[in-house]
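Okay, my_file39.cif now, which holds mmCIF, C-alpha atoms:
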```
data_entry
#
loop_
_atom_site.label_atom_id
_atom_site.label_comp_id
_atom_site.auth_asym_id
_atom_site.auth_seq_id
_atom_site.Cartn_x
_atom_site.Cartn_y
_atom_site.Cartn_z
CA MET A 1290 12.35 -68.77 59.48
CA ALA A 1291 10.02 -71.77 59.74
CA SER A 1292 10.65 -74.85 57.64
CA PRO A 1293 8.33 -75.24 54.60
CA CYS A 1294 7.92 -78.92 55.49
CA PRO A 1295 5.52 -80.15 58.17
CA GLU A 1296 7.11 -81.75 61.21
CA VAL A 1297 5.53 -84.65 63.04
CA ASP A 1298 6.38 -86.05 66.47
CA TYR A 1299 7.75 -89.48 65.58
CA PRO A 1300 9.91 -91.92 67.58
CA VAL A 1301 12.67 -91.99 64.94
CA ASP A 1302 14.09 -89.33 62.62
CA ARG A 1303 12.56 -89.78 59.20
CA ASP A 1304 12.29 -87.47 56.21
CA LEU A 1305 9.50 -87.69 53.70
CA HIS A 1306 10.17 -85.84 50.45
CA PRO A 1307 7.08 -85.25 48.29
CA ALA A 1308 9.23 -84.00 45.37
CA GLY A 1309 6.23 -82.35 43.74
CA ARG A 1310 4.00 -85.44 44.10
CA GLY A 1311 1.89 -83.98 46.90
CA LEU A 1312 1.18 -85.65 50.22
CA LEU A 1313 -1.73 -88.02 50.74
CA LEU A 1314 -3.20 -87.63 54.24
CA LEU A 1315 -4.92 -90.86 55.27
CA PRO A 1316 -7.09 -90.90 58.42
CA SER A 1317 -7.13 -94.21 60.30
CA TYR A 1318 -8.97 -95.54 63.35
CA PHE A 1319 -6.07 -97.94 63.85
CA CYS A 1320 -3.40 -95.24 64.05
CA ARG A 1321 -3.00 -94.25 67.69
CA ARG A 1322 -1.29 -91.30 69.37
CA ARG A 1323 0.76 -89.95 66.43
CA PRO A 1324 0.90 -89.92 62.63
CA THR A 1325 3.16 -92.29 60.73
CA ALA A 1326 4.56 -92.26 57.20
CA LEU A 1327 4.09 -95.36 55.08
CA ALA A 1328 7.39 -96.94 54.07
CA ASP A 1329 6.25 -98.32 50.70
CA PRO A 1330 8.46 -96.85 47.93
CA THR A 1331 5.87 -97.83 45.27
CA LEU A 1332 3.38 -95.36 46.77
CA GLY A 1333 3.62 -91.61 46.70
CA PRO A 1334 4.18 -89.89 50.04
CA VAL A 1335 1.48 -91.02 52.48
CA LEU A 1336 0.99 -89.80 56.05
CA VAL A 1337 -1.41 -91.91 58.11
CA HIS A 1338 -2.90 -89.99 61.03
CA PRO A 1339 -5.31 -90.78 63.87
CA VAL A 1340 -8.97 -90.03 63.26
CA ALA A 1341 -10.47 -87.48 65.61
CA VAL A 1342 -13.10 -89.74 67.13
CA ARG A 1343 -16.43 -88.20 68.08
CA SER A 1344 -17.35 -89.62 71.45
CA LEU A 1345 -20.40 -91.86 71.47
CA GLU A 1346 -23.36 -90.95 73.62
CA THR A 1347 -22.99 -92.85 76.87
CA VAL A 1348 -25.80 -95.16 77.72
CA ALA A 1349 -25.75 -94.45 81.44
CA PRO A 1350 -23.87 -91.67 83.23
CA ASP A 1351 -21.95 -94.18 85.32
CA GLY A 1352 -21.01 -96.48 82.38
CA GLY A 1353 -23.77 -98.88 83.42
CA GLY A 1354 -24.14 -102.59 82.89
CA LEU A 1355 -25.55 -102.34 79.38
CA GLU A 1356 -22.40 -100.70 78.04
CA ARG A 1357 -20.24 -103.25 79.85
CA LEU A 1358 -22.37 -106.13 78.58
CA LEU A 1359 -22.74 -105.12 74.93
CA GLY A 1360 -19.78 -102.80 74.40
CA ARG A 1361 -19.95 -99.06 73.92
CA THR A 1362 -20.81 -98.95 70.22
CA ARG A 1363 -23.41 -101.73 70.27
CA ALA A 1364 -25.09 -100.31 73.38
CA THR A 1365 -25.24 -96.89 71.73
CA VAL A 1366 -26.76 -98.42 68.58
CA LEU A 1367 -29.45 -100.11 70.71
CA VAL A 1368 -30.23 -96.83 72.51
CA GLN A 1369 -30.43 -94.94 69.19
CA VAL A 1370 -32.83 -97.50 67.72
CA ALA A 1371 -34.95 -97.20 70.86
CA HIS A 1372 -35.13 -93.39 70.45
CA GLY A 1373 -37.28 -93.71 67.33
CA ARG A 1374 -40.26 -95.90 66.50
CA THR A 1375 -38.23 -97.46 63.67
CA ARG A 1376 -34.90 -96.39 62.19
CA THR A 1377 -33.12 -97.24 58.98
CA THR A 1378 -29.54 -98.48 59.01
CA SER A 1379 -28.39 -95.13 57.56
CA GLU A 1380 -30.21 -93.18 60.28
CA VAL A 1381 -28.58 -95.31 62.96
CA ALA A 1382 -25.12 -94.88 61.41
CA ARG A 1383 -25.55 -91.09 61.29
CA ALA A 1384 -26.95 -90.86 64.83
CA VAL A 1385 -24.13 -92.94 66.33
CA GLY A 1386 -21.38 -91.51 64.11
CA ILE A 1387 -20.17 -94.81 62.66
CA ALA A 1388 -19.77 -96.12 59.11
CA LEU A 1389 -22.76 -97.73 57.40
CA PRO A 1390 -21.17 -101.23 57.28
CA SER A 1391 -20.38 -101.00 61.00
CA ALA A 1392 -23.96 -99.98 61.78
CA SER A 1393 -25.24 -102.89 59.67
CA TYR A 1394 -22.96 -105.33 61.51
CA GLN A 1395 -23.92 -104.02 64.97
CA LEU A 1396 -27.62 -104.20 64.10
CA ALA A 1397 -27.19 -107.79 62.85
CA VAL A 1398 -25.57 -108.80 66.15
CA LEU A 1399 -28.39 -107.11 68.12
CA ARG A 1400 -30.97 -108.82 65.86
CA ASP A 1401 -29.30 -112.23 66.35
CA GLY A 1402 -29.44 -111.59 70.11
CA GLY A 1403 -33.18 -110.87 69.97
CA LEU A 1404 -32.79 -107.20 70.98
CA VAL A 1405 -33.69 -105.66 67.61
CA ALA A 1406 -36.24 -106.66 64.96
CA SER A 1407 -35.67 -105.70 61.31
CA HIS A 1408 -38.01 -105.63 58.35
CA ARG A 1409 -37.62 -104.53 54.75
CA GLU A 1410 -39.67 -101.58 53.55
CA GLY A 1411 -38.95 -101.02 49.86
CA GLN A 1412 -35.25 -100.28 49.50
CA PHE A 1413 -34.78 -99.66 53.22
CA VAL A 1414 -34.43 -101.96 56.20
CA ARG A 1415 -36.15 -100.58 59.30
CA HIS A 1416 -35.11 -101.58 62.79
CA SER A 1417 -36.99 -101.43 66.07
CA VAL A 1418 -36.18 -102.56 69.58
CA THR A 1419 -37.93 -105.74 70.69
CA SER A 1420 -39.64 -106.11 74.05
CA THR A 1421 -36.53 -107.96 75.27
CA GLY A 1422 -34.39 -105.02 74.14
CA HIS A 1423 -36.68 -102.58 75.93
CA ARG A 1424 -36.52 -104.67 79.11
CA LEU A 1425 -32.72 -104.69 78.89
CA LEU A 1426 -32.65 -100.91 78.42
CA GLY A 1427 -35.02 -100.47 81.37
CA ALA A 1428 -32.88 -102.72 83.58
CA ASP A 1429 -29.75 -100.70 82.75
CA THR A 1430 -31.25 -97.32 83.59
CA GLY A 1431 -33.36 -98.47 86.50
CA ARG A 1432 -36.50 -97.22 84.68
CA ARG A 1433 -39.30 -99.24 83.17
CA THR A 1434 -39.56 -98.75 79.41
CA GLU A 1435 -42.58 -99.07 77.15
CA THR A 1436 -43.04 -102.24 75.18
CA ASP A 1437 -42.73 -101.79 71.43
CA PRO A 1438 -46.20 -102.67 70.08
CA THR A 1439 -44.69 -104.00 66.85
CA CYS A 1440 -42.77 -106.68 68.73
CA GLY A 1441 -45.45 -108.23 70.93
CA PRO A 1442 -45.92 -108.05 74.72
#
```
Encoded form (structure tokens):
Amino acid sequence: MASPCPEVDYPVDRDLHPAGRGLLLLPSYFCRRRPTALADPTLGPVLVHPVAVRSLETVAPDGGGLERLLGRTRATVLVQVAHGRTRTTSEVARAVGIALPSASYQLAVLRDGGLVASHREGQFVRHSVTSTGHRLLGADTGRRTETDPTCGP
């Protein structure tokens, strides 16, 4: 007969007894390979487990220079902004599959680098790729891209 308790591959033998308190499952991007139980006796039973990460769209099939220059997430954010005329921070976060604060941070870095322009429209901030960003995207794929008319020549 199978045990009523879940078993987890863990480097040391460790028992976690919920004792009727339930078990809090906590996903974490920082937990790699296998789940781990928190060792804080003031907390109820907590099992931290790796998040199933949805792979980001690759910028170039060969992992081109843009991804190596900007990093995978930031390059994907730039590509997603380029896919629409303008995109809100929420739209970018959803398209890339990252948290809203992360999308906001990545867009700020791209804006500071002159690759994205942002403007407020009511309660939303809309982002578009600048001509410099379009040139960078065109250089990475080997194709010429259109210049965004909102950002000058």
With the file shown as input, list the residues that the PyMOL selection byres ((chain A and resi 1302-1313) around 6) selects, as an mmCIF file with C-alpha atoms, in the frame of the given file.
```cif
data_model
loop_
_atom_site.group_PDB
_atom_site.id
_atom_site.type_symbol
_atom_site.label_atom_id
_atom_site.label_comp_id
_atom_site.auth_asym_id
_atom_site.auth_seq_id
_atom_site.Cartn_x
_atom_site.Cartn_y
_atom_site.Cartn_z
ATOM 1 C CA VAL A 1301 12.670 -91.990 64.940
ATOM 2 C CA LEU A 1314 -3.200 -87.630 54.240
ATOM 3 C CA PRO A 1334 4.180 -89.890 50.040
ATOM 4 C CA VAL A 1335 1.480 -91.020 52.480
#
```
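For the pair CA of Val1414 (chain A) and CA of Gly1373 (chain A), the separation is 14.1 Å.
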> If you apply the PyMOL selection byres ((chain A and resi 1363-1372) around 8) to this file, what residues do you get, as JSON, numbers by chain?
Replying inline: {"A": [1345, 1346, 1347, 1348, 1355, 1356, 1359, 1360, 1361, 1362, 1373, 1374, 1375, 1376, 1381, 1384, 1385, 1392, 1395, 1396, 1399, 1404, 1405, 1416, 1417, 1418, 1422, 1423, 1426]}
>> When the PyMOL selection byres ((chain A and resi 1324) around 6) is applied to the structure above, which residues does it catch, written out as a PyMOL selection string?
In response: chain A and resi 1323+1325+1337-1338
>> Could you tell me how far CA of Leu1358 (chain A) sits from CA of Pro1390 (chain A), in Å to one decimal place?
In response: 21.9 Å
